[in-house]
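As stored in run-v9.cif (mmCIF, C-alpha atoms):
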```cif
data_structure
#
loop_
_atom_site.group_PDB
_atom_site.id
_atom_site.type_symbol
_atom_site.label_atom_id
_atom_site.label_comp_id
_atom_site.auth_asym_id
_atom_site.auth_seq_id
_atom_site.Cartn_x
_atom_site.Cartn_y
_atom_site.Cartn_z
ATOM 1 C CA MET A 18 67.733 56.879 136.943
ATOM 2 C CA ILE A 19 68.421 59.019 140.015
ATOM 3 C CA ILE A 20 71.934 57.614 140.289
ATOM 4 C CA ALA A 21 72.445 57.904 136.511
ATOM 5 C CA GLN A 22 71.349 61.546 136.520
ATOM 6 C CA SER A 23 73.544 62.272 139.542
ATOM 7 C CA VAL A 24 76.577 60.814 137.768
ATOM 8 C CA ALA A 25 75.742 62.730 134.574
ATOM 9 C CA LEU A 26 75.350 66.019 136.439
ATOM 10 C CA SER A 27 78.608 65.418 138.318
ATOM 11 C CA ILE A 28 80.502 64.779 135.081
ATOM 12 C CA GLY A 29 78.925 67.823 133.438
ATOM 13 C CA PHE A 30 79.793 70.001 136.427
ATOM 14 C CA LEU A 31 83.401 68.787 136.384
ATOM 15 C CA LEU A 32 83.735 69.296 132.607
ATOM 16 C CA ASP A 33 82.495 72.868 132.939
ATOM 17 C CA PHE A 34 84.972 73.606 135.728
ATOM 18 C CA ILE A 35 87.870 72.218 133.706
ATOM 19 C CA PHE A 36 87.090 73.277 130.130
ATOM 20 C CA GLY A 37 84.384 75.937 130.294
ATOM 21 C CA ASP A 38 81.601 76.313 127.773
ATOM 22 C CA PRO A 39 82.734 75.164 124.296
ATOM 23 C CA ASN A 40 82.400 77.763 121.551
ATOM 24 C CA PHE A 41 81.024 76.286 118.343
ATOM 25 C CA LYS A 42 78.140 76.958 115.964
ATOM 26 C CA LEU A 43 76.027 73.943 116.949
ATOM 27 C CA HIS A 44 76.141 74.663 120.685
ATOM 28 C CA PRO A 45 72.636 73.973 122.105
ATOM 29 C CA ILE A 46 72.313 77.503 123.508
ATOM 30 C CA ARG A 47 73.143 78.965 120.092
ATOM 31 C CA LEU A 48 70.582 76.665 118.499
ATOM 32 C CA MET A 49 68.041 77.863 121.072
ATOM 33 C CA GLY A 50 68.871 81.425 120.069
ATOM 34 C CA LYS A 51 68.317 80.635 116.384
ATOM 35 C CA LEU A 52 65.001 78.950 117.231
ATOM 36 C CA ILE A 53 63.892 82.006 119.198
ATOM 37 C CA GLU A 54 64.829 84.311 116.295
ATOM 38 C CA LEU A 55 62.892 82.212 113.781
ATOM 39 C CA SER A 56 59.917 81.840 116.116
ATOM 40 C CA GLU A 57 59.795 85.596 116.693
ATOM 41 C CA LYS A 58 59.796 86.302 112.952
ATOM 42 C CA LEU A 59 57.077 83.709 112.394
ATOM 43 C CA MET A 60 54.808 84.981 115.173
ATOM 44 C CA ARG A 61 55.243 88.604 114.130
ATOM 45 C CA LYS A 62 54.063 87.631 110.637
ATOM 46 C CA ILE A 63 51.082 85.662 111.916
ATOM 47 C CA PHE A 64 49.761 88.005 114.598
ATOM 48 C CA PRO A 65 48.695 91.651 114.089
ATOM 49 C CA LYS A 66 51.047 94.478 115.089
ATOM 50 C CA THR A 67 48.804 95.624 117.919
ATOM 51 C CA GLN A 68 49.415 95.552 121.651
ATOM 52 C CA LYS A 69 47.207 92.489 122.099
ATOM 53 C CA GLY A 70 48.466 90.812 118.930
ATOM 54 C CA GLU A 71 52.105 91.141 119.947
ATOM 55 C CA PHE A 72 51.383 89.871 123.433
ATOM 56 C CA ILE A 73 49.595 86.766 122.110
ATOM 57 C CA GLY A 74 52.344 86.255 119.547
ATOM 58 C CA GLY A 75 54.886 86.294 122.364
ATOM 59 C CA ILE A 76 52.917 83.635 124.240
ATOM 60 C CA PHE A 77 52.845 81.354 121.189
ATOM 61 C CA MET A 78 56.556 81.950 120.586
ATOM 62 C CA ALA A 79 57.382 80.966 124.175
ATOM 63 C CA ALA A 80 55.182 77.863 123.937
ATOM 64 C CA LEU A 81 56.806 76.757 120.672
ATOM 65 C CA VAL A 82 60.338 77.295 121.982
ATOM 66 C CA LEU A 83 59.670 75.397 125.206
ATOM 67 C CA LEU A 84 57.982 72.539 123.328
ATOM 68 C CA VAL A 85 60.997 72.092 121.046
ATOM 69 C CA CYS A 86 63.647 72.677 123.742
ATOM 70 C CA GLY A 87 61.975 70.179 126.040
ATOM 71 C CA GLY A 88 60.874 67.645 123.455
ATOM 72 C CA VAL A 89 64.149 67.256 121.567
ATOM 73 C CA PRO A 90 66.395 66.535 124.596
ATOM 74 C CA PHE A 91 63.717 64.236 126.044
ATOM 75 C CA ALA A 92 63.639 62.211 122.813
ATOM 76 C CA VAL A 93 67.444 62.100 122.583
ATOM 77 C CA LEU A 94 67.843 60.909 126.175
ATOM 78 C CA PHE A 95 64.936 58.465 125.934
ATOM 79 C CA PHE A 96 66.510 56.602 123.028
ATOM 80 C CA ALA A 97 70.061 56.909 124.427
ATOM 81 C CA TYR A 98 69.088 55.332 127.756
ATOM 82 C CA ARG A 99 66.909 52.775 126.003
ATOM 83 C CA PHE A 100 69.873 51.667 123.893
ATOM 84 C CA ASN A 101 72.440 51.552 126.703
ATOM 85 C CA LEU A 102 72.645 52.936 130.257
ATOM 86 C CA PHE A 103 76.221 54.126 129.858
ATOM 87 C CA LEU A 104 75.404 55.858 126.565
ATOM 88 C CA GLY A 105 72.490 57.597 128.282
ATOM 89 C CA VAL A 106 74.727 58.815 131.112
ATOM 90 C CA ALA A 107 77.345 60.038 128.618
ATOM 91 C CA VAL A 108 74.791 61.947 126.527
ATOM 92 C CA GLU A 109 73.147 63.469 129.594
ATOM 93 C CA ALA A 110 76.554 64.438 131.013
ATOM 94 C CA VAL A 111 77.367 66.373 127.838
ATOM 95 C CA MET A 112 73.918 67.960 127.956
ATOM 96 C CA CYS A 113 74.480 69.083 131.564
ATOM 97 C CA TYR A 114 77.922 70.375 130.600
ATOM 98 C CA PHE A 115 76.409 72.615 127.937
ATOM 99 C CA MET A 116 73.890 74.084 130.399
ATOM 100 C CA LEU A 117 76.497 75.322 132.923
ATOM 101 C CA ALA A 118 78.654 78.426 132.549
ATOM 102 C CA ALA A 119 80.860 78.886 135.636
ATOM 103 C CA LYS A 120 84.271 78.851 133.941
ATOM 104 C CA SER A 121 83.014 80.777 130.918
ATOM 105 C CA LEU A 122 81.629 83.451 133.235
ATOM 106 C CA ARG A 123 84.964 83.626 135.011
ATOM 107 C CA ASP A 124 86.910 83.789 131.733
ATOM 108 C CA ALA A 125 84.658 86.487 130.247
ATOM 109 C CA SER A 126 84.970 88.701 133.323
ATOM 110 C CA MET A 127 88.740 88.191 133.467
ATOM 111 C CA GLU A 128 88.930 89.363 129.843
ATOM 112 C CA VAL A 129 87.673 92.667 131.244
ATOM 113 C CA TYR A 130 90.059 92.577 134.210
ATOM 114 C CA THR A 131 93.225 92.030 132.138
ATOM 115 C CA PRO A 132 93.001 95.163 129.950
ATOM 116 C CA LEU A 133 91.938 97.201 132.988
ATOM 117 C CA ILE A 134 95.138 96.436 134.892
ATOM 118 C CA CYS A 135 97.100 97.109 131.687
ATOM 119 C CA GLY A 136 95.490 100.539 131.325
ATOM 120 C CA ASP A 137 93.719 99.662 128.046
ATOM 121 C CA ILE A 138 90.317 101.179 128.816
ATOM 122 C CA GLU A 139 88.998 100.932 125.241
ATOM 123 C CA ARG A 140 89.730 97.215 125.185
ATOM 124 C CA ALA A 141 88.085 96.798 128.591
ATOM 125 C CA ARG A 142 84.966 98.628 127.319
ATOM 126 C CA GLU A 143 84.883 96.361 124.290
ATOM 127 C CA LYS A 144 85.122 93.228 126.424
ATOM 128 C CA VAL A 145 82.539 94.319 128.995
ATOM 129 C CA SER A 146 80.103 95.202 126.195
ATOM 130 C CA MET A 147 80.056 91.487 125.309
ATOM 131 C CA ILE A 148 78.746 90.409 128.715
ATOM 132 C CA VAL A 149 76.334 93.207 129.690
ATOM 133 C CA GLY A 150 73.155 94.540 128.129
ATOM 134 C CA ARG A 151 73.762 98.201 128.924
ATOM 135 C CA ASP A 152 75.567 100.767 126.783
ATOM 136 C CA THR A 153 79.263 100.800 127.666
ATOM 137 C CA ASP A 154 80.667 103.671 125.558
ATOM 138 C CA GLY A 155 80.549 106.150 128.433
ATOM 139 C CA LEU A 156 81.811 103.889 131.215
ATOM 140 C CA ASP A 157 85.023 104.797 133.034
ATOM 141 C CA GLU A 158 87.304 102.310 134.821
ATOM 142 C CA VAL A 159 85.063 102.143 137.887
ATOM 143 C CA GLY A 160 81.920 101.751 135.764
ATOM 144 C CA ILE A 161 83.512 98.963 133.743
ATOM 145 C CA THR A 162 84.625 97.155 136.911
ATOM 146 C CA LYS A 163 81.191 97.433 138.507
ATOM 147 C CA ALA A 164 79.506 96.185 135.317
ATOM 148 C CA ALA A 165 81.754 93.107 135.292
ATOM 149 C CA VAL A 166 81.121 92.428 139.003
ATOM 150 C CA GLU A 167 77.347 92.815 138.529
ATOM 151 C CA THR A 168 77.438 90.361 135.624
ATOM 152 C CA VAL A 169 79.284 87.761 137.708
ATOM 153 C CA ALA A 170 76.821 88.297 140.565
ATOM 154 C CA GLU A 171 73.669 87.989 138.453
ATOM 155 C CA ASN A 172 74.934 85.065 136.387
ATOM 156 C CA THR A 173 76.007 83.171 139.494
ATOM 157 C CA GLY A 174 72.283 82.681 139.922
ATOM 158 C CA ASP A 175 70.906 82.128 136.433
ATOM 159 C CA GLY A 176 74.053 80.809 134.747
ATOM 160 C CA VAL A 177 75.299 78.394 137.408
ATOM 161 C CA ILE A 178 73.124 77.759 140.472
ATOM 162 C CA ALA A 179 69.674 77.738 138.829
ATOM 163 C CA PRO A 180 70.702 75.260 136.081
ATOM 164 C CA LEU A 181 72.269 73.056 138.782
ATOM 165 C CA ILE A 182 69.051 73.069 140.784
ATOM 166 C CA TYR A 183 66.847 72.302 137.788
ATOM 167 C CA MET A 184 69.127 69.540 136.519
ATOM 168 C CA ALA A 185 69.256 68.007 139.996
ATOM 169 C CA ILE A 186 65.447 67.871 139.877
ATOM 170 C CA GLY A 187 64.815 66.842 136.286
ATOM 171 C CA GLY A 188 68.124 66.032 134.644
ATOM 172 C CA GLY A 189 69.256 67.386 131.298
ATOM 173 C CA VAL A 190 65.712 67.883 130.003
ATOM 174 C CA LEU A 191 64.721 70.306 132.759
ATOM 175 C CA GLY A 192 68.114 71.988 132.436
ATOM 176 C CA CYS A 193 67.463 72.577 128.719
ATOM 177 C CA LEU A 194 63.996 73.941 129.454
ATOM 178 C CA TYR A 195 65.398 76.349 132.025
ATOM 179 C CA LYS A 196 68.125 77.592 129.664
ATOM 180 C CA ALA A 197 65.501 78.087 126.936
ATOM 181 C CA VAL A 198 63.515 80.289 129.318
ATOM 182 C CA ASN A 199 66.653 82.190 130.303
ATOM 183 C CA THR A 200 67.744 82.657 126.686
ATOM 184 C CA MET A 201 64.303 83.903 125.653
ATOM 185 C CA ASP A 202 64.361 86.492 128.403
ATOM 186 C CA SER A 203 67.829 87.696 127.376
ATOM 187 C CA MET A 204 66.706 88.058 123.749
ATOM 188 C CA VAL A 205 63.146 89.392 123.937
ATOM 189 C CA GLY A 206 62.559 90.271 127.598
ATOM 190 C CA TYR A 207 63.308 93.981 127.182
ATOM 191 C CA LYS A 208 60.910 96.751 128.198
ATOM 192 C CA ASN A 209 61.557 98.861 125.113
ATOM 193 C CA GLU A 210 59.110 99.717 122.336
ATOM 194 C CA LYS A 211 59.928 96.610 120.298
ATOM 195 C CA TYR A 212 59.526 94.031 123.076
ATOM 196 C CA ILE A 213 57.357 95.601 125.784
ATOM 197 C CA ASN A 214 54.384 93.504 124.616
ATOM 198 C CA PHE A 215 55.954 90.699 122.587
ATOM 199 C CA GLY A 216 58.499 89.801 125.263
ATOM 200 C CA LYS A 217 56.186 90.110 128.250
ATOM 201 C CA ALA A 218 55.366 86.384 128.436
ATOM 202 C CA ALA A 219 59.023 85.333 128.152
ATOM 203 C CA ALA A 220 60.061 87.813 130.850
ATOM 204 C CA LYS A 221 57.307 86.658 133.204
ATOM 205 C CA ILE A 222 58.188 82.966 132.720
ATOM 206 C CA ASP A 223 61.823 83.796 133.490
ATOM 207 C CA ASP A 224 60.801 85.679 136.650
ATOM 208 C CA ILE A 225 58.834 82.644 137.821
ATOM 209 C CA ALA A 226 61.561 80.145 136.900
ATOM 210 C CA ASN A 227 64.234 82.136 138.757
ATOM 211 C CA PHE A 228 62.205 83.191 141.800
ATOM 212 C CA ILE A 229 63.211 80.340 144.121
ATOM 213 C CA PRO A 230 66.680 79.580 142.635
ATOM 214 C CA SER A 231 67.757 83.231 142.912
ATOM 215 C CA ARG A 232 66.912 83.268 146.604
ATOM 216 C CA ILE A 233 68.675 79.982 147.206
ATOM 217 C CA SER A 234 71.691 81.371 145.315
ATOM 218 C CA ALA A 235 71.758 84.499 147.472
ATOM 219 C CA ARG A 236 71.690 82.569 150.733
ATOM 220 C CA LEU A 237 74.391 80.164 149.573
ATOM 221 C CA MET A 238 76.450 83.155 148.492
ATOM 222 C CA ILE A 239 76.187 84.681 151.968
ATOM 223 C CA ILE A 240 77.513 81.457 153.512
ATOM 224 C CA SER A 241 80.257 81.381 150.862
ATOM 225 C CA ALA A 242 81.232 84.948 151.754
ATOM 226 C CA TYR A 243 81.994 83.813 155.299
ATOM 227 C CA ILE A 244 83.960 80.810 154.020
ATOM 228 C CA MET A 245 86.008 82.987 151.631
ATOM 229 C CA ARG A 246 86.669 85.495 154.446
ATOM 230 C CA LEU A 247 84.827 88.281 152.718
ATOM 231 C CA ASP A 248 82.345 90.449 154.645
ATOM 232 C CA GLY A 249 79.612 87.877 155.245
ATOM 233 C CA LYS A 250 77.908 89.972 157.906
ATOM 234 C CA ASN A 251 77.628 92.974 155.593
ATOM 235 C CA ALA A 252 76.511 90.682 152.752
ATOM 236 C CA SER A 253 73.620 89.473 154.889
ATOM 237 C CA MET A 254 72.689 93.010 155.935
ATOM 238 C CA ILE A 255 72.744 94.423 152.394
ATOM 239 C CA TYR A 256 70.791 91.415 151.140
ATOM 240 C CA LYS A 257 67.996 92.039 153.632
ATOM 241 C CA ARG A 258 67.929 95.736 152.755
ATOM 242 C CA ASP A 259 68.576 95.887 148.994
ATOM 243 C CA SER A 260 67.518 92.539 147.530
ATOM 244 C CA ARG A 261 64.466 94.198 145.955
ATOM 245 C CA ASN A 262 66.334 97.211 144.527
ATOM 246 C CA HIS A 263 65.814 96.160 140.921
ATOM 247 C CA ALA A 264 63.017 96.172 138.349
ATOM 248 C CA SER A 265 63.388 92.389 138.197
ATOM 249 C CA PRO A 266 62.210 90.500 141.299
ATOM 250 C CA ASN A 267 65.317 88.305 141.076
ATOM 251 C CA SER A 268 68.363 90.209 139.772
ATOM 252 C CA ALA A 269 69.133 92.108 142.981
ATOM 253 C CA GLN A 270 69.125 88.923 145.062
ATOM 254 C CA THR A 271 72.694 87.902 144.236
ATOM 255 C CA GLU A 272 73.826 91.427 143.323
ATOM 256 C CA SER A 273 72.982 92.680 146.816
ATOM 257 C CA VAL A 274 74.965 89.857 148.423
ATOM 258 C CA MET A 275 77.932 90.533 146.135
ATOM 259 C CA ALA A 276 77.859 94.257 146.897
ATOM 260 C CA GLY A 277 77.729 93.565 150.632
ATOM 261 C CA ALA A 278 80.445 90.904 150.588
ATOM 262 C CA LEU A 279 82.823 93.173 148.644
ATOM 263 C CA ARG A 280 81.726 96.303 150.579
ATOM 264 C CA ILE A 281 81.098 98.279 147.374
ATOM 265 C CA GLN A 282 78.104 99.923 145.739
ATOM 266 C CA LEU A 283 76.549 98.474 142.599
ATOM 267 C CA GLY A 284 73.484 99.390 140.541
ATOM 268 C CA GLY A 285 72.526 102.964 139.767
ATOM 269 C CA ASP A 286 71.402 104.626 136.543
ATOM 270 C CA ALA A 287 72.405 103.033 133.241
ATOM 271 C CA TYR A 288 71.880 103.590 129.534
ATOM 272 C CA TYR A 289 70.249 100.940 127.351
ATOM 273 C CA PHE A 290 70.071 101.507 123.587
ATOM 274 C CA GLY A 291 70.790 105.191 124.164
ATOM 275 C CA GLU A 292 68.002 105.659 126.708
ATOM 276 C CA LEU A 293 68.668 106.450 130.377
ATOM 277 C CA TYR A 294 67.051 104.110 132.891
ATOM 278 C CA LYS A 295 66.816 105.272 136.513
ATOM 279 C CA LYS A 296 67.888 102.423 138.806
ATOM 280 C CA PRO A 297 68.403 102.355 142.573
ATOM 281 C CA PHE A 298 71.802 101.705 144.106
ATOM 282 C CA ILE A 299 72.621 98.361 145.689
ATOM 283 C CA GLY A 300 74.995 98.283 148.648
ATOM 284 C CA ASP A 301 76.994 100.984 150.396
ATOM 285 C CA ASP A 302 80.074 102.764 149.085
ATOM 286 C CA ILE A 303 82.165 101.650 152.077
ATOM 287 C CA ARG A 304 85.341 101.600 150.016
ATOM 288 C CA ASP A 305 86.418 102.455 146.488
ATOM 289 C CA THR A 306 85.754 99.849 143.812
ATOM 290 C CA GLN A 307 89.000 98.198 142.683
ATOM 291 C CA TYR A 308 89.919 95.972 139.751
ATOM 292 C CA ILE A 309 90.593 93.109 142.180
ATOM 293 C CA ASP A 310 86.856 93.049 142.930
ATOM 294 C CA ILE A 311 86.353 91.174 139.644
ATOM 295 C CA LYS A 312 88.647 88.407 140.896
ATOM 296 C CA ASN A 313 86.960 88.328 144.288
ATOM 297 C CA ALA A 314 83.541 88.153 142.623
ATOM 298 C CA ASN A 315 84.699 85.064 140.724
ATOM 299 C CA ARG A 316 86.062 83.456 143.886
ATOM 300 C CA LEU A 317 82.687 83.944 145.540
ATOM 301 C CA MET A 318 80.893 82.555 142.475
ATOM 302 C CA TYR A 319 83.033 79.399 142.461
ATOM 303 C CA MET A 320 82.579 78.751 146.176
ATOM 304 C CA THR A 321 78.811 79.187 145.828
ATOM 305 C CA ALA A 322 78.742 76.828 142.833
ATOM 306 C CA ILE A 323 80.646 74.111 144.672
ATOM 307 C CA MET A 324 78.369 74.400 147.685
ATOM 308 C CA ALA A 325 75.242 74.265 145.503
ATOM 309 C CA TYR A 326 76.547 71.196 143.664
ATOM 310 C CA VAL A 327 77.302 69.304 146.883
ATOM 311 C CA ILE A 328 73.872 70.107 148.332
ATOM 312 C CA CYS A 329 71.983 69.281 145.100
ATOM 313 C CA ILE A 330 73.742 65.945 144.603
ATOM 314 C CA GLY A 331 73.435 65.092 148.302
ATOM 315 C CA ILE A 332 69.676 65.704 148.324
ATOM 316 C CA LYS A 333 69.166 63.841 145.036
ATOM 317 C CA ILE A 334 71.043 60.754 146.219
ATOM 318 C CA ALA A 335 69.279 60.858 149.609
ATOM 319 C CA VAL A 336 65.905 60.932 147.842
ATOM 320 C CA GLY A 337 67.011 57.996 145.686
ATOM 321 C CA VAL A 338 67.992 55.974 148.752
ATOM 322 C CA LEU A 339 64.711 56.736 150.533
ATOM 323 C CA ILE A 340 62.651 55.823 147.468
#
```
Before anything else, please render the file you have as structure tokens.
Amino acid sequence: MIIAQSVALSIGFLLDFIFGDPNFKLHPIRLMGKLIELSEKLMRKIFPKTQKGEFIGGIFMAALVLLVCGGVPFAVLFFAYRFNLFLGVAVEAVMCYFMLAAKSLRDASMEVYTPLICGDIERAREKVSMIVGRDTDGLDEVGITKAAVETVAENTGDGVIAPLIYMAIGGGVLGCLYKAVNTMDSMVGYKNEKYINFGKAAAKIDDIANFIPSRISARLMIISAYIMRLDGKNASMIYKRDSRNHASPNSAQTESVMAGALRIQLGGDAYYFGELYKKPFIGDDIRDTQYIDIKNANRLMYMTAIMAYVICIGIKIAVGVLI
């Protein structure tokens, strides 16, 4: 099974690099999103609209989502492998493919880069609004560029490296569970009036799930910065100084490395749903932010992903040999 999972993960990783995340209605992540929506509506009907009631409802929603998102892929893979080893590997490879988002992250950020260099700021705002949670109406060219770079930095961890780590440990099933946690946090993990209580459990589970992977991602990114001939020394320095400059215990891990490697300043105040949130800066404004920083952020993401894949597969196969 260790060899089978290693082959499946390798195929999934390669498929993501070549084709990117497929866009269709029955994509597992979309189905997770629909499940979360339905579960939220159900729990809000069952539990009272009080602080305690919403918090408990959020716990039950998270439990239901994780039960389904873990149970269904486990059942699918169990019967696939039971029927035929090669069928099991093929199904798990597709499952791993769906859980990774390196090329899609690159493509989405480059859809911001292209209108920027063409001078179409409105189009760039529209595109960046699709990949960030903040309000984008008031962003200028520099703000749009920084938002795209921050998205690449953060998602290097939770969209690429963390799924790789979890799938290396527990195959497609653990990868699906991780993405369910990540999707819940992105949908209900806000600290606004609607979700401050209901989304608390989902946000906390996501913090726990990403705690170690985000720190592994940051350290691999520092090494990658040296390999890509970016400012690895500054990346390490900014990481040590600013890796906690975020309300989330994990988000600034990779963002601080990215800011240091590119020698720019990220973070700062931002609007969410029309409300201003005070946020600390990450990195130093050593040089002006340029559109090319989006491309360089993607280069660093890819190098980090390749390094993480090689290490994860190497460790998994070594464990299989020793066992």
Pick out the residues sitting within 12 Å of stretch 45-54 of chain A, and hand them over as a PDB file with C-alpha atoms, in the coordinates of the input; count all atoms listed in the file, and ignore anything fewer than 3 positions along from it in its own chain.
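The file below, selection.pdb, is the result:
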```pdb
ATOM      1  CA  ASP A  38      81.601  76.313 127.773  1.00  0.00           C
ATOM      2  CA  PRO A  39      82.734  75.164 124.296  1.00  0.00           C
ATOM      3  CA  ASN A  40      82.400  77.763 121.551  1.00  0.00           C
ATOM      4  CA  PHE A  41      81.024  76.286 118.343  1.00  0.00           C
ATOM      5  CA  LYS A  42      78.140  76.958 115.964  1.00  0.00           C
ATOM      6  CA  GLU A  57      59.795  85.596 116.693  1.00  0.00           C
ATOM      7  CA  LYS A  58      59.796  86.302 112.952  1.00  0.00           C
ATOM      8  CA  LEU A  59      57.077  83.709 112.394  1.00  0.00           C
ATOM      9  CA  MET A  60      54.808  84.981 115.173  1.00  0.00           C
ATOM     10  CA  ARG A  61      55.243  88.604 114.130  1.00  0.00           C
ATOM     11  CA  GLY A  75      54.886  86.294 122.364  1.00  0.00           C
ATOM     12  CA  PHE A  77      52.845  81.354 121.189  1.00  0.00           C
ATOM     13  CA  MET A  78      56.556  81.950 120.586  1.00  0.00           C
ATOM     14  CA  ALA A  79      57.382  80.966 124.175  1.00  0.00           C
ATOM     15  CA  ALA A  80      55.182  77.863 123.937  1.00  0.00           C
ATOM     16  CA  LEU A  81      56.806  76.757 120.672  1.00  0.00           C
ATOM     17  CA  VAL A  82      60.338  77.295 121.982  1.00  0.00           C
ATOM     18  CA  LEU A  83      59.670  75.397 125.206  1.00  0.00           C
ATOM     19  CA  LEU A  84      57.982  72.539 123.328  1.00  0.00           C
ATOM     20  CA  VAL A  85      60.997  72.092 121.046  1.00  0.00           C
ATOM     21  CA  CYS A  86      63.647  72.677 123.742  1.00  0.00           C
ATOM     22  CA  GLY A  87      61.975  70.179 126.040  1.00  0.00           C
ATOM     23  CA  VAL A  89      64.149  67.256 121.567  1.00  0.00           C
ATOM     24  CA  PRO A  90      66.395  66.535 124.596  1.00  0.00           C
ATOM     25  CA  VAL A 111      77.367  66.373 127.838  1.00  0.00           C
ATOM     26  CA  MET A 112      73.918  67.960 127.956  1.00  0.00           C
ATOM     27  CA  CYS A 113      74.480  69.083 131.564  1.00  0.00           C
ATOM     28  CA  TYR A 114      77.922  70.375 130.600  1.00  0.00           C
ATOM     29  CA  PHE A 115      76.409  72.615 127.937  1.00  0.00           C
ATOM     30  CA  MET A 116      73.890  74.084 130.399  1.00  0.00           C
ATOM     31  CA  LEU A 117      76.497  75.322 132.923  1.00  0.00           C
ATOM     32  CA  ALA A 118      78.654  78.426 132.549  1.00  0.00           C
ATOM     33  CA  GLY A 176      74.053  80.809 134.747  1.00  0.00           C
ATOM     34  CA  GLY A 189      69.256  67.386 131.298  1.00  0.00           C
ATOM     35  CA  GLY A 192      68.114  71.988 132.436  1.00  0.00           C
ATOM     36  CA  CYS A 193      67.463  72.577 128.719  1.00  0.00           C
ATOM     37  CA  LEU A 194      63.996  73.941 129.454  1.00  0.00           C
ATOM     38  CA  TYR A 195      65.398  76.349 132.025  1.00  0.00           C
ATOM     39  CA  LYS A 196      68.125  77.592 129.664  1.00  0.00           C
ATOM     40  CA  ALA A 197      65.501  78.087 126.936  1.00  0.00           C
ATOM     41  CA  VAL A 198      63.515  80.289 129.318  1.00  0.00           C
ATOM     42  CA  ASN A 199      66.653  82.190 130.303  1.00  0.00           C
ATOM     43  CA  THR A 200      67.744  82.657 126.686  1.00  0.00           C
ATOM     44  CA  MET A 201      64.303  83.903 125.653  1.00  0.00           C
ATOM     45  CA  ASP A 202      64.361  86.492 128.403  1.00  0.00           C
ATOM     46  CA  SER A 203      67.829  87.696 127.376  1.00  0.00           C
ATOM     47  CA  MET A 204      66.706  88.058 123.749  1.00  0.00           C
ATOM     48  CA  VAL A 205      63.146  89.392 123.937  1.00  0.00           C
ATOM     49  CA  GLY A 206      62.559  90.271 127.598  1.00  0.00           C
ATOM     50  CA  GLY A 216      58.499  89.801 125.263  1.00  0.00           C
ATOM     51  CA  ALA A 219      59.023  85.333 128.152  1.00  0.00           C
TER      52      ALA A 219
END
```
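Picture a line from atom CA of A:Phe100 to atom CA of A:Asp33; it runs 26.3 Å.
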Interface rows for stretch 93-212 of chain A against stretch 324-339 of chain A: nearest pair, Å to one decimal, 8 Å, all atoms listed in the file, as CSV:
```
residue,atom,partner,partner_atom,distance
A:Ile178,CA,A:Ala325,CA,6.5
A:Leu181,CA,A:Tyr326,CA,6.8
A:Ile182,CA,A:Cys329,CA,6.4
A:Ala185,CA,A:Cys329,CA,5.9
A:Ile186,CA,A:Lys333,CA,7.5
```
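Each of A:Tyr288, A:Ala119, A:Asp157, A:Val108 was compared to A:Leu31 using all atoms listed in the file, and A:Ala119 turns out to be the nearest.
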### Length of the atom CA of A:Ala107 to atom CA of A:Gly88 vector [Å]
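Result for atom CA of A:Ala107 versus atom CA of A:Gly88: 18.9 Å, one decimal.
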Here atom CA of A:Ala170 and atom CA of A:Leu237 stand apart by 12.4 Å
Worksheet item: For A:Arg232, which of A:Lys257, A:Arg304, A:Lys295, A:Lys208 is the closest residue, counting all atoms listed in the file?
Response: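 Counting all atoms listed in the file, the residue closest to A:Arg232 is A:Lys257.
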Within 10 Å of A:Gly70, counting only C-alpha atoms, which residues qualify if same-chain residues fewer than 6 places away don't, as a PDB file with C-alpha atoms, in the frame of the given file?
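Here's the written file result-v6.pdb:
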```pdb
ATOM      1  CA  MET A  60      54.808  84.981 115.173  1.00  0.00           C
ATOM      2  CA  ARG A  61      55.243  88.604 114.130  1.00  0.00           C
ATOM      3  CA  ILE A  63      51.082  85.662 111.916  1.00  0.00           C
ATOM      4  CA  PHE A  64      49.761  88.005 114.598  1.00  0.00           C
ATOM      5  CA  ILE A  76      52.917  83.635 124.240  1.00  0.00           C
ATOM      6  CA  ASN A 214      54.384  93.504 124.616  1.00  0.00           C
ATOM      7  CA  PHE A 215      55.954  90.699 122.587  1.00  0.00           C
TER       8      PHE A 215
END
```
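For the structure shown here, the set of residues caught by the PyMOL selection byres ((chain A and resi 280) around 9) is Leu247, Asp248, Asn251, Ala252, Met275, Ala276, Gly277, Ala278, Leu279, Ile281, Gln282, Gly300, Asp301, Asp302, Ile303, Arg304, Asp305 and Thr306 of chain A.
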Apply the PyMOL selection byres ((chain A and resi 225) around 12) to the displayed file and report the matching residues as an MDAnalysis selection string.
chainID A and resid 179 195 198:199 202 218:224 226:232 265:267
Nearest-residue call for A:Met18, choices A:Ile213, A:Thr271, A:Asn172, A:Phe95, using all atoms listed in the file |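 When distances to A:Met18 are compared using all atoms listed in the file, the smallest one comes from A:Phe95.
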When the PyMOL selection byres ((chain A and resi 284) around 7) is applied to the structure above, which residues does it catch, written out as a ChimeraX atom specification?
/A:282-283,285-286,296-299
Query raised in the report: Between A:Gly150, A:Ile161, A:Tyr98, A:Ser253, which one has atoms that come closest to A:Ile134, using all atoms listed in the file?
Result: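 Of A:Gly150, A:Ile161, A:Tyr98, A:Ser253, the one nearest A:Ile134 is A:Ile161, counting all atoms listed in the file.
Each of A:Ser241, A:Ser56, A:Ser146, A:Ser268 was checked against A:Asp175 using only C-alpha atoms; the smallest atom-to-atom distance is that of A:Ser268.
Shell of A:Lys144 at 12 Å, with only C-alpha atoms counted and residues fewer than 2 places along the chain excluded, is Asp124, Ala125, Ser126, Met127, Glu128, Val129, Tyr130, Thr131, Pro132, Leu133, Asp137, Ile138, Glu139, Arg140, Ala141, Arg142, Ser146, Met147, Ile148, Val149, Thr153, Asp154, Ile161, Thr162, Ala164 and Ala165 of chain A.
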